[in-house]
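For reference, data.txt is printed below; it contains compact mmCIF, C-alpha atoms.
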# COMPACT_ATOMS: atom_id res chain seq x y z
CA MET A 1 -80.84 -13.28 -24.13
CA PRO A 2 -82.89 -16.17 -22.62
CA THR A 3 -84.63 -18.57 -25.04
CA LEU A 4 -88.05 -17.58 -23.71
CA THR A 5 -87.33 -13.91 -24.39
CA ARG A 6 -86.26 -14.73 -27.95
CA PHE A 7 -89.53 -16.55 -28.51
CA PHE A 8 -91.54 -13.61 -27.15
CA ILE A 9 -89.66 -11.02 -29.21
CA LYS A 10 -89.65 -12.99 -32.46
CA ALA A 11 -93.34 -13.85 -32.08
CA GLY A 12 -93.93 -10.17 -31.31
CA LEU A 13 -92.16 -9.12 -34.49
CA LEU A 14 -94.30 -11.52 -36.54
CA TYR A 15 -97.46 -10.09 -34.99
CA PHE A 16 -96.17 -6.58 -35.74
CA VAL A 17 -96.04 -7.39 -39.46
CA LEU A 18 -99.34 -9.28 -39.34
CA ALA A 19 -101.04 -6.44 -37.46
CA LEU A 20 -99.97 -3.84 -40.01
CA LEU A 21 -101.03 -6.08 -42.89
CA THR A 22 -104.43 -6.50 -41.24
CA GLY A 23 -104.70 -2.77 -40.58
CA ALA A 24 -103.72 -1.98 -44.17
CA ALA A 25 -106.33 -4.42 -45.51
CA VAL A 26 -109.03 -2.83 -43.34
CA GLN A 27 -108.08 0.70 -44.43
CA ALA A 28 -107.54 -0.14 -48.10
CA GLY A 29 -110.80 -2.09 -48.36
CA PRO A 30 -113.00 0.75 -49.63
CA PHE A 31 -110.41 1.87 -52.23
CA LEU A 32 -109.58 -1.57 -53.59
CA ASP A 33 -113.18 -2.74 -53.74
CA LEU A 34 -112.55 -5.37 -51.09
CA PRO A 35 -115.59 -6.83 -49.29
CA ALA A 36 -117.11 -4.39 -46.79
CA ASN A 37 -117.18 -7.06 -44.10
CA LEU A 38 -113.38 -6.76 -43.81
CA MET A 39 -114.24 -4.21 -41.11
CA ALA A 40 -114.78 -7.23 -38.86
CA LEU A 41 -110.98 -7.42 -38.76
CA GLN A 42 -110.69 -4.03 -37.00
CA PRO A 43 -110.65 -5.46 -33.42
CA VAL A 44 -108.27 -8.20 -34.60
CA TYR A 45 -105.92 -5.49 -35.91
CA PHE A 46 -105.97 -3.64 -32.56
CA HIS A 47 -105.26 -6.81 -30.59
CA LEU A 48 -102.58 -8.19 -32.91
CA PHE A 49 -100.82 -4.86 -32.47
CA LEU A 50 -101.35 -4.26 -28.75
CA VAL A 51 -101.31 -7.82 -27.39
CA GLY A 52 -99.27 -9.65 -30.04
CA TRP A 53 -96.64 -6.95 -30.52
CA ILE A 54 -96.51 -4.42 -27.67
CA THR A 55 -97.52 -6.63 -24.72
CA GLN A 56 -95.51 -9.61 -25.92
CA MET A 57 -92.43 -7.38 -26.34
CA ILE A 58 -92.89 -6.01 -22.80
CA ILE A 59 -93.25 -9.52 -21.37
CA GLY A 60 -90.18 -10.81 -23.19
CA VAL A 61 -87.92 -7.89 -22.30
CA SER A 62 -89.07 -7.71 -18.67
CA PHE A 63 -88.43 -11.45 -18.24
CA TRP A 64 -84.91 -10.82 -19.49
CA MET A 65 -84.03 -7.47 -17.87
CA PHE A 66 -85.90 -7.06 -14.58
CA PRO A 67 -83.94 -7.55 -11.32
CA VAL A 68 -83.17 -11.19 -10.59
CA LEU A 69 -85.30 -13.07 -8.08
CA SER A 70 -82.67 -15.27 -6.43
CA HIS A 71 -79.40 -17.09 -7.17
CA GLU A 72 -81.23 -20.40 -7.54
CA GLU A 73 -83.97 -19.14 -9.86
CA PRO A 74 -82.79 -15.76 -11.18
CA ARG A 75 -85.79 -15.24 -13.47
CA GLY A 76 -88.40 -17.19 -11.51
CA SER A 77 -90.13 -20.23 -12.92
CA GLU A 78 -89.31 -20.60 -16.60
CA ARG A 79 -92.10 -23.18 -16.86
CA VAL A 80 -94.66 -20.51 -15.89
CA GLY A 81 -93.06 -18.25 -18.52
CA TRP A 82 -93.67 -20.89 -21.19
CA PHE A 83 -97.29 -21.20 -20.08
CA VAL A 84 -97.62 -17.42 -20.51
CA PHE A 85 -96.21 -17.72 -24.03
CA LEU A 86 -98.46 -20.66 -24.90
CA PHE A 87 -101.67 -19.19 -23.45
CA LEU A 88 -101.13 -15.71 -24.89
CA ASN A 89 -100.37 -16.92 -28.40
CA THR A 90 -103.00 -19.66 -28.53
CA GLY A 91 -105.59 -17.25 -27.15
CA LEU A 92 -104.67 -14.50 -29.58
CA ILE A 93 -104.62 -16.78 -32.64
CA LEU A 94 -107.98 -18.31 -31.67
CA ARG A 95 -109.40 -14.83 -31.24
CA SER A 96 -108.00 -13.65 -34.58
CA VAL A 97 -109.83 -16.48 -36.35
CA ALA A 98 -113.01 -16.81 -34.29
CA GLU A 99 -113.90 -13.12 -33.91
CA PRO A 100 -114.23 -12.26 -37.61
CA MET A 101 -115.65 -15.70 -38.43
CA ASN A 102 -118.37 -15.13 -35.84
CA VAL A 103 -119.36 -12.01 -37.79
CA TRP A 104 -119.09 -13.55 -41.27
CA VAL A 105 -120.67 -16.95 -40.57
CA PRO A 106 -122.16 -16.83 -37.07
CA ALA A 107 -122.15 -20.27 -35.49
CA GLU A 108 -121.91 -21.85 -32.07
CA PRO A 109 -118.32 -23.19 -32.46
CA TRP A 110 -116.95 -19.66 -33.10
CA ARG A 111 -118.63 -18.39 -29.95
CA TRP A 112 -117.08 -21.17 -27.90
CA LEU A 113 -113.66 -20.60 -29.44
CA LEU A 114 -113.97 -16.91 -28.57
CA THR A 115 -114.79 -17.82 -24.99
CA VAL A 116 -111.80 -20.18 -24.83
CA SER A 117 -109.55 -17.49 -26.30
CA ALA A 118 -110.76 -14.98 -23.67
CA VAL A 119 -109.95 -17.42 -20.85
CA LEU A 120 -106.51 -18.28 -22.30
CA GLN A 121 -105.53 -14.61 -22.72
CA TRP A 122 -106.72 -13.84 -19.20
CA LEU A 123 -104.70 -16.76 -17.83
CA SER A 124 -101.61 -15.56 -19.68
CA GLY A 125 -101.96 -12.15 -17.99
CA VAL A 126 -102.44 -13.63 -14.53
CA PHE A 127 -99.52 -16.03 -14.98
CA TYR A 128 -97.27 -13.24 -16.24
CA VAL A 129 -98.09 -10.98 -13.29
CA SER A 130 -97.47 -13.84 -10.85
CA LEU A 131 -94.14 -14.55 -12.58
CA ILE A 132 -92.81 -10.99 -12.68
CA TRP A 133 -94.32 -9.56 -9.47
CA GLY A 134 -91.50 -10.75 -7.20
CA ARG A 135 -88.89 -9.30 -9.56
CA VAL A 136 -90.25 -5.76 -9.22
CA LYS A 137 -88.07 -4.76 -6.30
CA GLY A 138 -85.20 -2.56 -5.16
CA LYS A 139 -81.58 -3.67 -5.00
CA MET B 1 -85.10 -0.37 -8.97
CA PRO B 2 -85.91 2.89 -7.08
CA PRO B 3 -89.09 2.99 -4.94
CA LEU B 4 -91.01 5.17 -7.41
CA SER B 5 -90.33 2.71 -10.25
CA TYR B 6 -91.24 -0.16 -7.96
CA TRP B 7 -94.64 1.37 -7.18
CA ALA B 8 -95.32 2.44 -10.77
CA VAL B 9 -94.43 -0.97 -12.26
CA ARG B 10 -96.47 -2.83 -9.65
CA ALA B 11 -99.42 -0.49 -10.25
CA SER B 12 -99.04 -1.14 -13.99
CA LEU B 13 -99.21 -4.91 -13.34
CA ILE B 14 -102.41 -4.42 -11.34
CA TYR B 15 -103.86 -2.45 -14.28
CA LEU B 16 -102.76 -5.26 -16.62
CA THR B 17 -104.64 -7.83 -14.56
CA ALA B 18 -107.73 -5.65 -14.20
CA GLY B 19 -107.67 -4.55 -17.85
CA MET B 20 -107.30 -8.12 -19.12
CA THR B 21 -110.08 -9.28 -16.81
CA ALA B 22 -112.35 -6.60 -18.28
CA GLY B 23 -111.20 -7.51 -21.81
CA SER B 24 -111.89 -11.20 -21.29
CA TRP B 25 -115.33 -10.39 -19.95
CA LEU B 26 -115.95 -8.18 -23.01
CA LEU B 27 -114.91 -10.99 -25.36
CA ILE B 28 -117.05 -13.55 -23.53
CA GLY B 29 -119.88 -11.02 -23.61
CA LYS B 30 -119.41 -10.67 -27.36
CA ALA B 31 -119.41 -14.46 -27.80
CA LEU B 32 -122.45 -15.08 -25.64
CA GLY B 33 -124.38 -11.92 -26.52
CA VAL B 34 -124.17 -10.26 -23.09
CA SER B 35 -124.60 -6.62 -24.08
CA GLU B 36 -124.09 -5.37 -20.48
CA ALA B 37 -120.41 -6.35 -20.79
CA TRP B 38 -119.78 -3.33 -23.08
CA ILE B 39 -119.91 -0.98 -20.09
CA TRP B 40 -116.36 -2.18 -19.34
CA LEU B 41 -114.93 -1.08 -22.72
CA PRO B 42 -113.62 2.36 -21.57
CA PHE B 43 -111.97 0.77 -18.53
CA HIS B 44 -110.43 -2.00 -20.68
CA ILE B 45 -108.86 0.51 -23.08
CA GLU B 46 -107.75 3.06 -20.48
CA ALA B 47 -106.38 0.50 -18.00
CA LEU B 48 -104.28 -1.30 -20.60
CA LEU B 49 -103.04 1.59 -22.74
CA LEU B 50 -102.36 4.16 -20.03
CA GLY B 51 -102.48 2.26 -16.75
CA PHE B 52 -100.32 -0.61 -17.99
CA VAL B 53 -98.26 0.33 -21.08
CA LEU B 54 -97.68 4.03 -20.36
CA GLN B 55 -97.17 3.63 -16.61
CA LEU B 56 -94.75 0.71 -17.09
CA THR B 57 -92.80 2.72 -19.66
CA MET B 58 -92.64 5.74 -17.35
CA GLY B 59 -91.66 3.59 -14.36
CA VAL B 60 -88.87 1.86 -16.25
CA ALA B 61 -87.67 5.15 -17.80
CA TYR B 62 -87.42 6.71 -14.33
CA TRP B 63 -85.30 3.73 -13.26
CA ILE B 64 -83.07 3.25 -16.26
CA LEU B 65 -82.42 6.58 -18.02
CA PRO B 66 -79.00 8.21 -17.38
CA ARG B 67 -78.70 9.88 -14.00
CA LEU B 68 -77.71 13.47 -13.24
CA LYS B 69 -74.60 14.55 -11.36
CA THR B 70 -76.68 16.28 -8.69
CA PRO B 71 -77.64 15.25 -5.13
CA GLU B 72 -80.96 14.00 -6.52
CA ASP B 73 -79.40 11.91 -9.27
CA ARG B 74 -82.73 10.97 -10.85
CA GLY B 75 -83.91 14.59 -10.94
CA ASN B 76 -86.74 16.21 -9.01
CA THR B 77 -88.52 13.31 -7.32
CA VAL B 78 -91.52 15.43 -6.30
CA VAL B 79 -92.30 16.22 -9.93
CA ALA B 80 -91.99 12.54 -10.89
CA VAL B 81 -94.22 11.45 -7.98
CA LEU B 82 -96.83 14.03 -8.98
CA ALA B 83 -96.73 12.72 -12.56
CA PHE B 84 -97.63 9.22 -11.35
CA VAL B 85 -100.32 10.52 -8.97
CA PHE B 86 -101.98 12.53 -11.78
CA LEU B 87 -101.68 9.63 -14.22
CA ASN B 88 -103.41 7.19 -11.88
CA ALA B 89 -106.11 9.69 -10.95
CA GLY B 90 -106.65 10.37 -14.66
CA VAL B 91 -106.87 6.69 -15.57
CA LEU B 92 -109.38 5.93 -12.83
CA ILE B 93 -111.55 9.01 -13.42
CA GLY B 94 -111.33 8.62 -17.19
CA SER B 95 -112.26 4.95 -17.22
CA LEU B 96 -114.82 4.35 -14.51
CA TRP B 97 -117.23 7.08 -15.61
CA PRO B 98 -119.85 4.65 -17.01
CA PHE B 99 -120.42 3.44 -13.45
CA ILE B 100 -120.96 6.95 -12.05
CA PRO B 101 -124.30 8.78 -12.36
CA ASP B 102 -123.91 11.97 -14.45
CA GLY B 103 -120.37 10.93 -15.31
CA ALA B 104 -120.37 12.34 -18.84
CA MET B 105 -117.78 15.03 -18.03
CA TRP B 106 -115.43 12.60 -16.33
CA PRO B 107 -113.60 11.36 -19.44
CA ALA B 108 -112.57 14.94 -20.21
CA ALA B 109 -111.43 15.43 -16.61
CA GLY B 110 -109.48 12.17 -16.82
CA ARG B 111 -107.77 13.28 -20.02
CA GLY B 112 -106.90 16.61 -18.40
CA LEU B 113 -105.25 14.87 -15.47
CA GLU B 114 -103.38 12.53 -17.84
CA LEU B 115 -102.16 15.55 -19.81
CA ILE B 116 -100.83 17.16 -16.62
CA ALA B 117 -99.13 13.84 -15.76
CA VAL B 118 -97.40 13.64 -19.12
CA VAL B 119 -96.26 17.28 -19.01
CA LEU B 120 -94.84 16.73 -15.50
CA PHE B 121 -93.10 13.53 -16.58
CA VAL B 122 -91.60 15.12 -19.70
CA THR B 123 -90.40 18.06 -17.58
CA HIS B 124 -88.84 15.64 -15.12
CA VAL B 125 -87.14 13.36 -17.61
CA TRP B 126 -85.97 15.93 -20.17
CA PRO B 127 -82.59 16.76 -18.52
CA ARG B 128 -81.80 13.04 -18.16
CA ILE B 129 -81.63 12.59 -21.93
CA TYR B 130 -78.13 13.78 -22.74
CA PRO B 131 -75.15 12.64 -24.82
CA TYR B 132 -72.17 10.59 -23.63
CA GLY B 133 -69.47 12.71 -22.01
CA LYS B 134 -71.70 15.56 -20.88
CA TYR B 135 -71.02 14.74 -17.21

How does this structure look as C-alpha cells?
Amino acid sequence: MPTLTRFFIKAGLLYFVLALLTGAAVQAGPFLDLPANLMALQPVYFHLFLVGWITQMIIGVSFWMFPVLSHEEPRGSERVGWFVFLFLNTGLILRSVAEPMNVWVPAEPWRWLLTVSAVLQWLSGVFYVSLIWGRVKGK
Amino acid sequence: MPPLSYWAVRASLIYLTAGMTAGSWLLIGKALGVSEAWIWLPFHIEALLLGFVLQLTMGVAYWILPRLKTPEDRGNTVVAVLAFVFLNAGVLIGSLWPFIPDGAMWPAAGRGLELIAVVLFVTHVWPRIYPYGKY
C-alpha cells in the first residue's frame, strides 16, 4: 500500500472515531446536562464523518487501486496527492474549530478562518479530481 | 474498467467537484453572512451523498464484483445502465428544485427516481454476490 494511501486511511480512521465522539456528545447533551450550544457541533459531526472518514477513505483507496496511469508515473503525481492530503486535512481541522467558535464567540478571525477552510477543502477536491481523472479508464 | 464504470466514476467526480464548490460557497456564505448561499444546500447534500459517494460505489461495484459465467459476464448491462440513468436524473431533479419555479414536488420525484435506480442496481448486482467455487 503506498505511503500516501496509508496516511489517508489512518487519518480517515482517526476522523471516524472523532466524528462519532462528536456525534455522541451532541446527542447526549440534553441527557447529561451539557451546554445547549453543543448543537453548534452538529455540522462539524457531519463533515468529520463524510469528509474526514468517507471521502478520505475513498481518496486513499482510489489512489492505491485505480488503473495505473503509465509505467513512468503509475499513480500520477504523488506531489499533487500530498497537496490533496494537506489541503483536505488543514481545511477540515480549521472548519472544525472555526465553525463552532463562530457560533459561541462570534468574531472576525473565525469568519476568516472559515473562509480559508472553505477554499482549502475546495482546492483539495479539485486537486483530487485532476489527479484521479486520467486513471478512470478501460484496460 | 468497463465503459459503464468509467462513465459512472467520471460522473461521480464531476458531482464531487460541483458538490464541493457548492459546499465551499455555503461555508463562505456562513462566514460572511450571505444568506442567499443557503439555496445551494440541497444540491450540496444530494450531489455529494448520492451523486459522488453512491455513484462511485455503484460504478466500482459494477467493475470489481465477481463476474458470471454467462456471455454477459457482468450481468444484464441494460438494467445496470438504466440504474445509472435513473440515479443521475434523480440527483439532478432532487437537488436543483430550489432554482425551479413551483419546484416543491421535485424532491419527491427525485427520491422516486433514486429508489428505482437502487432497486434496478440491486436486481442487477444480486447474482454477482456468490461464494467461492459456485462457478

Go through stretch 29-139 of chain A and flag each residue having an atom no more than 12 Å from stretch 1-6 of chain A; for those, report the closest pair of atoms plus their distance in Å to one decimal, using all atoms listed in the file, ordered by chain and rising number, as a Markdown table.
| residue | atom | partner | partner_atom | distance |
| --- | --- | --- | --- | --- |
| A:Gln56 | CA | A:Thr5 | CA | 9.4 |
| A:Met57 | CA | A:Thr5 | CA | 8.5 |
| A:Ile58 | CA | A:Thr5 | CA | 9.8 |
| A:Ile59 | CA | A:Thr5 | CA | 8.0 |
| A:Gly60 | CA | A:Thr5 | CA | 4.4 |
| A:Val61 | CA | A:Thr5 | CA | 6.4 |
| A:Ser62 | CA | A:Thr5 | CA | 8.6 |
| A:Phe63 | CA | A:Thr5 | CA | 6.7 |
| A:Trp64 | CA | A:Thr5 | CA | 6.3 |
| A:Met65 | CA | A:Met1 | CA | 9.1 |
| A:Pro74 | CA | A:Pro2 | CA | 11.4 |
| A:Arg75 | CA | A:Pro2 | CA | 9.6 |
| A:Ser77 | CA | A:Leu4 | CA | 11.3 |
| A:Glu78 | CA | A:Leu4 | CA | 7.8 |
| A:Arg79 | CA | A:Leu4 | CA | 9.7 |
| A:Val80 | CA | A:Leu4 | CA | 10.7 |
| A:Gly81 | CA | A:Leu4 | CA | 7.2 |
| A:Trp82 | CA | A:Leu4 | CA | 7.0 |
| A:Phe83 | CA | A:Leu4 | CA | 10.6 |
| A:Val84 | CA | A:Leu4 | CA | 10.1 |
| A:Phe85 | CA | A:Leu4 | CA | 8.2 |
| A:Leu86 | CA | A:Leu4 | CA | 10.9 |

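Rounded to one decimal, atom CA of A:Ser117 and atom CA of A:Leu92 lie 6.6 Å from each other.
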
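Between A:Ala40 and the candidates A:Trp110, A:Trp53, A:Phe8, A:Trp104, the tightest atom-to-atom separation, counting all atoms listed in the file, involves A:Trp104.
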
key: Polymer residues at most 9 Å from (-82.8, 11.9, -13.1) by only C-alpha atoms, as a list in words   = Tyr62, Trp63, Leu65, Pro66, Arg67, Leu68, Lys69, Thr70, Glu72, Asp73, Arg74, Gly75, Asn76, Thr77, His124, Val125, Trp126, Pro127, Arg128 and Ile129 of chain B

ask   = Near B:Leu54, counting all atoms listed in the file, which residues have an atom at most 12 Å away, once you skip same-chain residues fewer than 2 positions from it, shown as JSON, numbers by chain?
value = {"A": [54, 55, 58], "B": [8, 9, 11, 12, 13, 15, 16, 46, 47, 48, 49, 50, 51, 52, 56, 57, 58, 59, 60, 61, 83, 84, 87, 88, 91, 114, 117, 118, 121]}

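Distances to chain A were evaluated for B:Ile39, B:Leu4, B:Met105, B:Ile116 using all atoms listed in the file, and the minimum falls at B:Leu4.
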
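Computed from the coordinates, the atom CA of B:Leu96 to atom CA of B:Thr17 distance equals 15.9 Å.
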
task = Please determine the contact residues of chain A with respect to chain B at a cut-off of 9 Å, counting only C-alpha atoms, and supply them as a PyMOL selection string.
result = chain A and resi 50+54-55+58+66-67+95+99+102+108+110-122+125-126+129+132-133+136-139

task = In Å, rounded to a single decimal, give me how far atom CA of A:Phe87 is from atom CA of A:Ser124.
result = 5.2 Å

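The shortest atom-to-atom distance to B:Val122, with all atoms listed in the file taken into account, belongs to B:Val79 out of B:Val79, B:Gly90, B:Gln55, B:Ile64.
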
query = Pick from A:Val97, A:Leu88, A:Leu131, A:Ala28: nearest to A:Glu73, with only C-alpha atoms counted?
reply = A:Leu131

Size and centre in Å, one decimal, axis-aligned box, all listed stretch 4-22 of chain A atoms plus 4 Å per side, as lines of an AutoDock Vina configuration file:
center_x = -95.3
center_y = -10.7
center_z = -33.3
size_x = 26.2
size_y = 21.7
size_z = 27.2
